[in-house]
Amino acid sequence: MRLTFGVAEERHAAIIAAVRAAAAHALTARFGDGHWSGVPTERGVVAGMRHSDVLVVRSGSAIVGTCRIARKKPWAIDTAYFTPVARPMYLTDMAVRPDYQGCGVGRALLVEAERASRELGADGIRLDAYDAEAGAGDFYAACGFEFAGRVAYRGVPLLYYERLVG
């Protein structure tokens with residue numbers, strides 16, 4: 001499978017919302033309702049583009065995965081758990097279409113997010129994952145991210161991961 005990467009444009013928002021919704025539906029079908037069950041909207045994707053770079057991965061012309069990288073700290077991140085760095089980036093909203101999961105798309109997207117973050121001058125990538133069976137903590141660890149902490153933020157159990165870049 002040949003994958004290509006790019007930064008999304010607003011015209012891609014509906015497709016990105018659909019990829020994220022498909023991933024959320026697959027998690028809900030497998031693990032039941034949870035914080036992962038929220039369905040994104042096109043409007044929400046566009047709003048996220050205002051303060052971050054939305055990366056996409058394509059197989060042929062189809063967008064099959066996405067994530068956001070941003071300098072602005074997400075609400076659920078407590079920086080006290082992370083290695084102090086001058087220019088962190090935050091990775092959020094990662095999703096891979098269910099029919100492309102398990103074949104390296106997510107791992108390739110993380111490599112691209114690291115490359116893009118480094119190009120933007122970042123010296124670290126921080127993220128959170130649900131501390132639940134539906135969470136992606138094991139995936140991030142397998143991709144070389146270091147565990148930084150376990151928290152309950154506003155009642156949501158989370159795991160923090162980081163990767164130093166630069």
# chains A, B, ... in the order shown; residues from 1 in each chain; ligands from 1
call {"tool": "residues_around", "arguments": {"residues": "Leu109 in chain A", "least_positions_apart": "3", "cutoff": "10 Å", "atoms": "only C-alpha atoms", "output": "ChimeraX atom specification"}}
result
/A:3-5,55-57,65-67,94-96,104-106,112-115
call {"tool": "select_by_dssp", "arguments": {"residues": "chain A", "states": "strand (DSSP E)", "output": "count of residues only"}}
result
54
call {"tool": "atom_distance", "arguments": {"atom1": "CA of Glu119 in chain A", "atom2": "CA of Arg11 in chain A"}}
result
24.1 Å
call {"tool": "closest_residue", "arguments": {"among": "A:Gly32, A:Gly48, A:Gly124, A:Gly144", "to": "Asp93 in chain A", "atoms": "only C-alpha atoms"}}
result
A:Gly48
call {"tool": "closest_residue", "arguments": {"among": "A:Leu159, A:Leu164, A:Ala17, A:Val151", "to": "Leu127 in chain A", "atoms": "only C-alpha atoms"}}
result
A:Leu159
call {"tool": "atom_distance", "arguments": {"atom1": "CA of Ser37 in chain A", "atom2": "CA of Arg154 in chain A"}}
result
17.0 Å
